[in-house]
Structure formats: C-alpha cells, structure tokens
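Structure file my_file32.cif; described as mmCIF, C-alpha atoms.
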```
data_model
#
loop_
_atom_site.label_atom_id
_atom_site.label_comp_id
_atom_site.auth_asym_id
_atom_site.auth_seq_id
_atom_site.Cartn_x
_atom_site.Cartn_y
_atom_site.Cartn_z
CA MET A 1 34.59 28.97 55.03
CA ARG A 2 31.62 30.97 53.84
CA ARG A 3 33.22 31.36 50.40
CA LEU A 4 33.89 27.61 50.23
CA LEU A 5 30.30 26.78 51.10
CA ALA A 6 29.06 29.29 48.52
CA LEU A 7 31.21 27.68 45.81
CA LEU A 8 29.99 24.21 46.74
CA GLY A 9 26.40 25.38 46.60
CA THR A 10 26.91 26.85 43.14
CA ALA A 11 28.53 23.64 41.85
CA SER A 12 25.75 21.45 43.21
CA ALA A 13 23.18 23.63 41.51
CA LEU A 14 24.88 22.99 38.16
CA VAL A 15 24.73 19.19 38.56
CA PRO A 16 21.35 17.80 37.49
CA PRO A 17 19.59 15.35 39.79
CA PRO A 18 20.06 11.61 39.11
CA ARG A 19 16.82 11.30 37.16
CA GLN A 20 17.85 14.07 34.78
CA LEU A 21 21.21 12.42 34.22
CA LEU A 22 19.48 9.23 33.14
CA ARG A 23 16.92 10.98 30.96
CA ARG A 24 17.37 10.50 27.22
CA PRO A 25 16.04 12.81 24.51
CA TYR A 26 14.43 9.93 22.59
CA GLN A 27 12.93 7.20 24.69
CA ILE A 28 11.03 4.33 23.10
CA GLN A 29 7.65 4.08 24.72
CA PRO A 30 6.21 0.60 25.17
CA ALA A 31 3.41 -0.29 22.76
CA GLN A 32 -0.02 0.21 24.24
CA MET A 33 -2.82 -2.28 23.71
CA THR A 34 -5.40 0.12 22.33
CA PRO A 35 -8.94 -1.08 21.58
CA GLU A 36 -8.17 -0.77 17.85
CA LEU A 37 -5.04 -2.90 18.14
CA GLN A 38 -6.85 -5.50 20.24
CA THR A 39 -9.63 -5.71 17.66
CA ALA A 40 -7.07 -5.92 14.84
CA LEU A 41 -5.23 -8.80 16.50
CA THR A 42 -8.41 -10.70 17.32
CA LEU A 43 -10.03 -10.20 13.92
CA ASN A 44 -7.01 -11.03 11.80
CA THR A 45 -6.05 -14.02 13.91
CA GLY A 46 -9.59 -15.33 13.63
CA LEU A 47 -9.75 -14.79 9.88
CA ALA A 48 -6.34 -16.40 9.37
CA THR A 49 -7.40 -19.41 11.41
CA ILE A 50 -10.68 -19.79 9.53
CA GLY A 51 -8.93 -19.40 6.20
CA THR A 52 -6.35 -22.05 7.09
CA LEU A 53 -8.98 -24.52 8.26
CA ALA A 54 -11.06 -23.83 5.13
CA GLY A 55 -8.07 -24.44 2.89
CA GLN A 56 -7.98 -20.97 1.36
CA LYS A 57 -5.84 -20.70 -1.79
CA GLN A 58 -5.65 -16.95 -2.33
CA LEU A 59 -2.48 -16.80 -0.19
CA THR A 60 0.44 -19.12 0.41
CA PRO A 61 1.04 -20.13 4.07
CA THR A 62 3.79 -17.53 4.46
CA GLY A 63 1.75 -15.06 2.44
CA LEU A 64 -1.07 -15.52 4.94
CA VAL A 65 1.26 -14.66 7.84
CA HIS A 66 2.38 -11.48 6.11
CA ALA A 67 -1.21 -10.61 5.19
CA TRP A 68 -2.08 -11.03 8.88
CA ALA A 69 0.62 -8.49 9.80
CA LEU A 70 -0.62 -6.11 7.10
CA GLY A 71 -4.18 -6.45 8.34
CA VAL A 72 -3.15 -5.65 11.92
CA ILE A 73 -1.33 -2.53 10.74
CA LEU A 74 -4.25 -1.27 8.67
CA TRP A 75 -7.08 -1.94 11.13
CA SER A 76 -5.20 -0.43 14.09
CA SER A 77 -4.23 2.71 12.13
CA PHE A 78 -6.31 5.76 11.25
CA VAL A 79 -7.71 4.09 8.09
CA GLY A 80 -9.45 1.55 10.34
CA TRP A 81 -12.07 -0.81 9.00
CA ARG A 82 -12.65 1.43 5.99
CA GLY A 83 -9.09 1.16 4.70
CA TYR A 84 -8.90 -2.47 5.75
CA SER A 85 -12.00 -3.39 3.77
CA LEU A 86 -10.66 -1.55 0.72
CA CYS A 87 -7.53 -3.69 0.87
CA VAL A 88 -9.69 -6.82 1.19
CA LEU A 89 -11.67 -5.64 -1.84
CA TYR A 90 -8.45 -5.43 -3.83
CA LEU A 91 -7.40 -8.91 -2.71
CA VAL A 92 -10.75 -10.50 -3.60
CA VAL A 93 -11.16 -8.78 -6.98
CA GLY A 94 -7.48 -9.17 -7.86
CA SER A 95 -7.50 -12.88 -7.00
CA ALA A 96 -10.66 -13.39 -9.06
CA ALA A 97 -9.06 -11.60 -12.02
CA THR A 98 -6.10 -13.99 -12.02
CA LYS A 99 -8.55 -16.88 -12.46
CA ILE A 100 -10.02 -15.47 -15.69
CA LYS A 101 -9.20 -17.95 -18.46
CA GLN A 102 -6.51 -19.40 -16.25
CA LYS A 103 -6.06 -22.56 -18.31
CA GLN A 104 -5.59 -20.51 -21.45
CA LYS A 105 -3.00 -18.32 -19.71
CA GLU A 106 -1.19 -21.37 -18.37
CA ALA A 107 -1.07 -22.91 -21.85
CA GLN A 108 0.43 -19.69 -23.19
CA GLY A 109 2.88 -19.46 -20.30
CA ILE A 110 1.60 -16.07 -19.12
CA ALA A 111 -0.37 -17.11 -16.03
CA GLU A 112 0.58 -16.01 -12.52
CA GLY A 113 2.75 -18.52 -10.69
CA ARG A 114 1.40 -20.82 -7.95
CA GLY A 115 -2.06 -20.67 -9.48
CA GLY A 116 -2.38 -17.01 -8.55
CA ALA A 117 -1.74 -17.55 -4.82
CA ARG A 118 -0.09 -14.50 -3.25
CA GLY A 119 3.17 -14.87 -1.34
CA PRO A 120 4.92 -12.38 0.99
CA GLU A 121 6.56 -10.62 -1.95
CA ASN A 122 3.16 -10.08 -3.54
CA VAL A 123 1.60 -8.84 -0.30
CA TRP A 124 4.21 -6.14 0.27
CA GLY A 125 4.79 -5.37 -3.40
CA SER A 126 1.11 -4.50 -3.61
CA ALA A 127 0.45 -2.96 -0.19
CA ALA A 128 3.74 -1.68 1.28
CA THR A 129 2.90 1.84 0.16
CA ALA A 130 -0.57 1.61 1.72
CA ALA A 131 0.97 0.33 4.96
CA MET A 132 3.45 3.23 5.01
CA CYS A 133 0.62 5.74 4.56
CA ALA A 134 -1.29 4.13 7.42
CA LEU A 135 1.75 4.04 9.72
CA TYR A 136 2.79 7.63 8.98
CA GLY A 137 -0.63 8.70 10.19
CA PHE A 138 0.51 7.84 13.72
CA ARG A 139 3.36 10.34 13.48
CA LYS A 140 1.53 13.09 11.58
CA PRO A 141 -2.16 13.12 12.55
CA SER A 142 -2.61 16.48 10.83
CA LEU A 143 -1.80 14.86 7.47
CA ARG A 144 -4.30 12.02 7.79
CA PRO A 145 -6.82 13.43 5.28
CA LEU A 146 -4.07 13.71 2.66
CA LEU A 147 -2.60 10.34 3.63
CA ALA A 148 -6.04 8.79 3.19
CA VAL A 149 -6.11 9.97 -0.44
CA ALA A 150 -2.58 8.62 -0.94
CA TYR A 151 -3.63 5.33 0.65
CA VAL A 152 -6.65 4.94 -1.62
CA SER A 153 -4.65 5.99 -4.67
CA SER A 154 -2.04 3.30 -4.02
CA LEU A 155 -4.63 0.52 -3.80
CA ALA A 156 -6.65 1.90 -6.72
CA THR A 157 -3.43 1.87 -8.74
CA LYS A 158 -2.72 -1.74 -7.87
CA LEU A 159 -6.27 -2.87 -8.58
CA SER A 160 -6.17 -1.03 -11.91
CA ASP A 161 -2.83 -2.63 -12.78
CA THR A 162 -4.00 -6.13 -11.86
CA LEU A 163 -7.24 -5.90 -13.85
CA ALA A 164 -5.51 -4.34 -16.84
CA SER A 165 -2.91 -7.10 -16.87
CA GLU A 166 -5.20 -10.07 -16.29
CA VAL A 167 -8.05 -8.94 -18.54
CA GLY A 168 -5.58 -7.88 -21.21
CA LYS A 169 -3.93 -11.32 -21.17
CA ALA A 170 -7.30 -13.05 -21.33
CA TYR A 171 -9.25 -10.88 -23.77
CA GLY A 172 -6.77 -8.50 -25.38
CA LYS A 173 -7.12 -8.87 -29.13
CA THR A 174 -4.39 -6.43 -30.10
CA CYS A 175 -1.56 -5.59 -27.71
CA TYR A 176 1.04 -2.87 -28.17
CA LEU A 177 4.29 -2.18 -26.38
CA SER A 178 3.74 1.04 -24.43
CA THR A 179 7.14 2.52 -25.33
CA THR A 180 7.21 1.84 -29.09
CA LEU A 181 3.57 1.02 -29.95
CA LYS A 182 4.86 -2.11 -31.66
CA ARG A 183 2.43 -5.06 -31.75
CA VAL A 184 3.41 -7.76 -29.26
CA PRO A 185 1.82 -10.98 -27.94
CA PRO A 186 -0.48 -10.77 -24.88
CA GLY A 187 1.43 -11.08 -21.62
CA THR A 188 4.51 -9.20 -22.85
CA GLU A 189 5.97 -6.95 -20.14
CA GLY A 190 4.85 -3.40 -20.79
CA ALA A 191 2.16 -4.39 -23.27
CA VAL A 192 -1.19 -2.58 -23.26
CA SER A 193 -4.52 -3.37 -24.90
CA LEU A 194 -7.85 -1.60 -25.19
CA GLU A 195 -9.63 -4.32 -23.23
CA GLY A 196 -7.08 -4.27 -20.43
CA THR A 197 -6.99 -0.47 -20.28
CA LEU A 198 -10.77 -0.26 -19.93
CA ALA A 199 -10.74 -2.93 -17.22
CA GLY A 200 -7.99 -1.08 -15.37
CA PHE A 201 -9.92 2.18 -15.56
CA ALA A 202 -13.01 0.43 -14.19
CA GLY A 203 -10.96 -0.97 -11.32
CA SER A 204 -9.71 2.47 -10.28
CA VAL A 205 -13.26 3.85 -10.42
CA VAL A 206 -14.52 1.02 -8.22
CA ALA A 207 -11.76 1.58 -5.64
CA ALA A 208 -12.25 5.35 -5.60
CA ALA A 209 -16.05 5.05 -5.36
CA TYR A 210 -15.83 2.50 -2.56
CA ALA A 211 -13.52 4.76 -0.54
CA VAL A 212 -16.03 7.60 -0.89
CA ALA A 213 -18.98 5.33 -0.04
CA VAL A 214 -17.46 4.17 3.25
CA GLY A 215 -16.27 7.66 4.20
CA LEU A 216 -12.54 7.08 3.86
CA THR A 217 -12.10 9.98 1.41
CA PRO A 218 -14.38 12.84 0.30
CA ARG A 219 -16.22 12.78 -3.00
CA GLN A 220 -13.87 15.42 -4.43
CA ALA A 221 -11.01 12.93 -4.11
CA MET A 222 -12.44 10.55 -6.72
CA ALA A 223 -10.93 12.39 -9.68
CA PRO A 224 -7.41 12.64 -8.17
CA VAL A 225 -7.46 8.93 -7.30
CA ILE A 226 -8.59 7.85 -10.78
CA ILE A 227 -6.08 10.13 -12.51
CA ALA A 228 -3.31 8.95 -10.20
CA ALA A 229 -4.06 5.31 -10.98
CA PHE A 230 -3.93 5.98 -14.73
CA VAL A 231 -0.66 7.92 -14.50
CA ALA A 232 0.97 5.29 -12.28
CA THR A 233 -0.08 2.30 -14.38
CA THR A 234 1.19 4.07 -17.49
CA CYS A 235 4.55 4.60 -15.78
CA GLU A 236 4.52 0.96 -14.71
CA SER A 237 4.04 -0.10 -18.33
CA TRP A 238 7.00 2.03 -19.39
CA LEU A 239 9.14 0.53 -16.62
CA GLY A 240 8.11 -2.98 -17.59
CA ALA A 241 8.84 -2.41 -21.25
CA GLY A 242 12.08 -0.51 -20.85
CA ALA A 243 13.81 -1.79 -17.72
CA GLN A 244 12.34 -5.03 -16.40
CA GLY A 245 14.58 -7.92 -17.33
CA ARG A 246 17.49 -5.59 -18.03
CA VAL A 247 18.01 -4.27 -14.49
CA PRO A 248 18.61 -7.27 -12.17
CA TRP A 249 17.06 -5.79 -9.02
CA LEU A 250 14.00 -4.43 -10.84
CA THR A 251 11.79 -7.43 -10.19
CA ASN A 252 8.05 -7.56 -10.72
CA GLU A 253 7.48 -6.93 -7.01
CA VAL A 254 9.78 -3.89 -6.99
CA ILE A 255 7.95 -2.48 -10.00
CA ASN A 256 4.64 -3.08 -8.23
CA PHE A 257 5.91 -1.14 -5.23
CA LEU A 258 7.12 1.74 -7.40
CA ASN A 259 3.79 1.66 -9.22
CA THR A 260 1.80 2.11 -6.00
CA LEU A 261 4.28 4.69 -4.72
CA ILE A 262 3.80 6.80 -7.85
CA GLY A 263 0.04 6.43 -7.54
CA ALA A 264 0.06 7.56 -3.91
CA GLY A 265 2.29 10.52 -4.67
CA VAL A 266 0.29 11.70 -7.67
CA GLY A 267 -3.02 11.29 -5.83
CA ALA A 268 -1.82 13.28 -2.84
CA ALA A 269 -0.24 15.98 -5.03
CA LEU A 270 -3.38 16.43 -7.13
CA SER A 271 -5.55 16.62 -4.03
CA PHE A 272 -3.35 19.22 -2.38
CA ARG A 273 -2.29 21.37 -5.31
CA LEU A 274 -4.83 21.04 -8.07
CA PHE A 275 -8.05 20.57 -6.14
CA ASN A 276 -6.92 22.25 -2.90
CA LEU A 277 -8.80 19.69 -0.79
CA TYR A 278 -6.67 20.07 2.32
#
```
Output the file's structure as structure tokens, nothing else.
Amino acid sequence: MRRLLALLGTASALVPPPRQLLRRPYQIQPAQMTPELQTALTLNTGLATIGTLAGQKQLTPTGLVHAWALGVILWSSFVGWRGYSLCVLYLVVGSAATKIKQKQKEAQGIAEGRGGARGPENVWGSAATAAMCALYGFRKPSLRPLLAVAYVSSLATKLSDTLASEVGKAYGKTCYLSTTLKRVPPGTEGAVSLEGTLAGFAGSVVAAAYAVAVGLTPRQAMAPVIIAAFVATTCESWLGAGAQGRVPWLTNEVINFLNTLIGAGVGAALSFRLFNLY
C-alpha cells in the first residue's frame, strides 16, 4: 500500500495544475487604451471630421479613412507628434506640388489623377514603410533611435520624389531617361531633369532639418537622411525607366513603397555603419 501511494504521489507531481495545462506560450494580450492612443483617436477623428465638413480635397473619402488609420498608428507610436507632424508636412507640401501648373500638366496628360487627391493606394504607397518603422518600435524599443532615422529617411525620400517629379514636369526644360541619358518628354517614367533634381534635393533637406528641429532625430542624422533620399530616388528612377509598364505587378504605388523602403534601409545603414550614431 505504501508503494502504491508513493507511485501515485510521484505521478500527481508530474501532472501540471489545470492553469498550467491551459497556459499557452504565446497569448494575445488585449489592446490597452494608453493616453497616447486615446489622444491619437481623438485628434485624428476630430481632424477627419473637420476636413470632411470643410470639403477637403487632398484625400478621397476612402483615402481619408486610411489616412486616419495611419495617423492613429503614428501618433500612438514612439515617433509621437514629431513623426506625425513630419508626415503631415509631407502631405501638405506634396499636395501643393501636384497643383503646380496643374492645367498645363493636364493638357499634356501628365497630371496626377483625381486632381491630385490621394487615395488609399497613395497613402500606403507613400507611408507604409514609415508605419512599419513606427510599429516595430513597439517590439524593439532598443532600436527606436535607429528606427527614427529610418522613419525620417522614408518620408524624406517620398517628399524628394514627389517634388522632383512635379517640379520636373512643370519646369523641366530638358529631361533625360535615367538609364540611357536619352532626351525624353517631361513626365516620362524614369525621366530626370536639373530643375526636378534640385527640387527633390531641397525637399529631402527640409524633411531632414524639420526632424532635427523637433527632436525626432539628432543633427548628425541629417547627412544620412539626405544621402538616403538621393540614393532611393535614383533607384526609383531606374525602376521606373526599366521595369514599370513591363512588369504587371510593378505599379506606381509598389514602386513608391520600394522607393521609401530603400530610403529607410540606406538611412539606417549609414547611421549605424558609416556615422556610428547608435
């Protein structure tokens, strides 16, 4: 009897209690309403409502919904109001650039569709990389300084690309295909011009300087961000000239995403390796 009781005691010790049986290695925790998230929801809902009532035309109705979601992600993440305002800066300046000589562009057939209003595909084509940087900061807090540089580089790249394209189409006197240096009409995919290149460079400087001014990135990060924007927009021109229109899935929005992804990667790599910031 004593042996039987001893065996039963050993077996019961090997069986975990009910709570341990139900425990899972990866449990999804419910989302917490942090002060940052509450502010993000309130602010973006208020701005979306005001914009709708005011008849804003920078975004389509569905584009506004997706921009609301993007705004909530950015404000509630580690980039906070600083990164959020940088994204707003891109939207305002980029939208204004599409209006430059709009009638002339429309007559030439090279104007942005819908009068320059951004839809969901434009929102995420331009800012999906920035959103990923912001979201990854939740998982890897130790990488936030480097992710901030990547974040700024992605938006600086997109602002540079938008200004280069729109100014080049409006004021470019001589345009060349980036892959062959052959003269092409303004608005040709992959075309570059002196006027557009200078405008794009100015856009990356503005984005990088703004990020430093608001404390999102250190002053030493300006050079990596500007270089990253130039490298990425050059790659985007090559993609546009060599692959867009030939590869079915390589749409303008996909190229925009790849453009910002390259910019983020180059900016982060230069900050970490070349300048040893972090």
- Report as a ChimeraX atom specification the full result of the PyMOL selection byres ((chain A and resi 152) around 10) when it is applied to this structure. /A:79,83,86-87,130,133,147-151,153-158,204,207-208,210-212,216-217,221-222,225-226,229,260,263-264,267-268
Using all atoms listed in the file, what does the table of stretch 76-109 of chain A residues within 12 Å of stretch 137-144 of chain A look like, with each row giving the shortest atom pair and its distance in Å to one decimal, sorted by chain and ascending number, as a Markdown table?
```
| residue | atom | partner | partner_atom | distance |
| --- | --- | --- | --- | --- |
| A:Ser76 | CA | A:Phe138 | CA | 10.1 |
| A:Ser77 | CA | A:Phe138 | CA | 7.2 |
| A:Phe78 | CA | A:Gly137 | CA | 6.5 |
| A:Val79 | CA | A:Arg144 | CA | 8.6 |
| A:Gly80 | CA | A:Gly137 | CA | 11.4 |
```
- Could you state the separation of atom CA of A:Gln56 and atom CA of A:Gly119 in Å, given to one decimal place?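 Going from atom CA of A:Gln56 over to atom CA of A:Gly119, I get 13.0 Å.
If you count all atoms listed in the file and ignore residues fewer than 4 places along the chain from A:Glu253, what sits within 12 Å of it is Arg118, Gly119, Pro120, Glu121, Asn122, Val123, Trp124, Gly125, Ser126, Ala127, Ala128, Lys158, Glu236, Gly240, Gln244, Trp249, Phe257, Leu258, Asn259 and Thr260 of chain A.
Proximity to A:Val93 was assessed for A:Pro248, A:Gly187, A:Gly109, A:Gly200 counting all atoms listed in the file; the smallest distance is recorded for A:Gly200.
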- Task: Pull the neighbourhood of (-9.7, -3.9, -18.3) for me: all residues within 9 Å in file coordinates, counting only C-alpha atoms, as a PyMOL selection string.
- Result: chain A and resi 160-168+171-172+193-203
- Hey, can you check how far atom CA of A:Leu37 sits from atom CA of A:Leu146? 22.7 Å
- Query: In Å, with one decimal, what is the gap from atom CA of A:Lys103 to atom CA of A:Gly190?
  - Reply: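 It comes out at 22.2 Å.
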- Item | Surrounding residues of A:Leu181 excluding itself and chain neighbours under 4 positions, 9 Å, all atoms listed in the file, as an NGL selection string | :A and (175-177 or 191-192)
- Message: For this structure, which residues satisfy the selection - the PyMOL selection byres ((chain A and resi 98) around 10) - when it is evaluated on the file as given? I want them as a list in words.
- Response: Val93, Gly94, Ser95, Ala96, Ala97, Lys99, Ile100, Lys101, Gln102, Lys105, Ala111, Glu112, Gly115, Gly116, Ala117, Thr162, Leu163, Ser165, Glu166, Val167, Lys169 and Ala170 of chain A
Output stretch 60-71 of chain A as a compact mmCIF listing (two decimals), keeping the file's coordinate frame, making sure all heavy atoms are there.
```
# COMPACT_ATOMS: atom_id res chain seq x y z
N THR A 60 -0.40 -18.01 -0.04
CA THR A 60 0.44 -19.12 0.41
C THR A 60 0.49 -19.08 1.94
O THR A 60 0.12 -18.07 2.55
CB THR A 60 1.86 -19.00 -0.17
OG1 THR A 60 2.48 -17.82 0.40
CG2 THR A 60 1.83 -18.89 -1.68
N PRO A 61 0.95 -20.15 2.60
CA PRO A 61 1.04 -20.13 4.07
C PRO A 61 1.84 -18.94 4.59
O PRO A 61 1.42 -18.26 5.53
CB PRO A 61 1.71 -21.47 4.39
CG PRO A 61 1.28 -22.37 3.29
CD PRO A 61 1.26 -21.51 2.07
N THR A 62 3.01 -18.69 4.01
CA THR A 62 3.79 -17.53 4.46
C THR A 62 3.14 -16.22 4.03
O THR A 62 3.22 -15.21 4.73
CB THR A 62 5.23 -17.59 3.92
OG1 THR A 62 5.19 -17.80 2.50
CG2 THR A 62 6.00 -18.71 4.58
N GLY A 63 2.48 -16.24 2.88
CA GLY A 63 1.75 -15.06 2.44
C GLY A 63 0.63 -14.72 3.40
O GLY A 63 0.35 -13.54 3.65
N LEU A 64 0.00 -15.74 3.98
CA LEU A 64 -1.07 -15.52 4.94
C LEU A 64 -0.54 -14.86 6.21
O LEU A 64 -1.18 -13.98 6.77
CB LEU A 64 -1.74 -16.86 5.28
CG LEU A 64 -2.93 -16.80 6.24
CD1 LEU A 64 -4.06 -15.97 5.65
CD2 LEU A 64 -3.42 -18.21 6.57
N VAL A 65 0.64 -15.27 6.65
CA VAL A 65 1.26 -14.66 7.84
C VAL A 65 1.53 -13.18 7.59
O VAL A 65 1.25 -12.31 8.44
CB VAL A 65 2.56 -15.39 8.22
CG1 VAL A 65 3.27 -14.66 9.36
CG2 VAL A 65 2.27 -16.83 8.61
N HIS A 66 2.07 -12.87 6.43
CA HIS A 66 2.38 -11.48 6.11
C HIS A 66 1.10 -10.67 5.90
O HIS A 66 1.05 -9.48 6.26
CB HIS A 66 3.26 -11.41 4.87
CG HIS A 66 4.67 -11.81 5.14
ND1 HIS A 66 5.71 -10.90 5.24
CD2 HIS A 66 5.24 -13.03 5.34
CE1 HIS A 66 6.84 -11.53 5.48
NE2 HIS A 66 6.59 -12.82 5.54
N ALA A 67 0.08 -11.30 5.34
CA ALA A 67 -1.21 -10.61 5.19
C ALA A 67 -1.82 -10.33 6.55
O ALA A 67 -2.49 -9.30 6.74
CB ALA A 67 -2.15 -11.46 4.33
N TRP A 68 -1.61 -11.25 7.51
CA TRP A 68 -2.08 -11.03 8.88
C TRP A 68 -1.42 -9.78 9.46
O TRP A 68 -2.09 -8.93 10.05
CB TRP A 68 -1.73 -12.26 9.74
CG TRP A 68 -2.02 -12.10 11.19
CD1 TRP A 68 -3.20 -12.38 11.84
CD2 TRP A 68 -1.12 -11.59 12.21
NE1 TRP A 68 -3.09 -12.08 13.18
CE2 TRP A 68 -1.83 -11.60 13.44
CE3 TRP A 68 0.20 -11.15 12.19
CZ2 TRP A 68 -1.25 -11.18 14.63
CZ3 TRP A 68 0.77 -10.71 13.38
CH2 TRP A 68 0.06 -10.74 14.58
N ALA A 69 -0.10 -9.66 9.29
CA ALA A 69 0.62 -8.49 9.80
C ALA A 69 0.12 -7.21 9.13
O ALA A 69 -0.09 -6.18 9.79
CB ALA A 69 2.12 -8.65 9.57
N LEU A 70 -0.10 -7.27 7.82
CA LEU A 70 -0.62 -6.11 7.10
C LEU A 70 -2.00 -5.73 7.63
O LEU A 70 -2.29 -4.54 7.85
CB LEU A 70 -0.69 -6.42 5.60
CG LEU A 70 -1.37 -5.36 4.72
CD1 LEU A 70 -0.58 -4.07 4.72
CD2 LEU A 70 -1.53 -5.89 3.29
N GLY A 71 -2.84 -6.72 7.84
CA GLY A 71 -4.18 -6.45 8.34
C GLY A 71 -4.17 -5.80 9.72
O GLY A 71 -4.97 -4.90 9.99
```
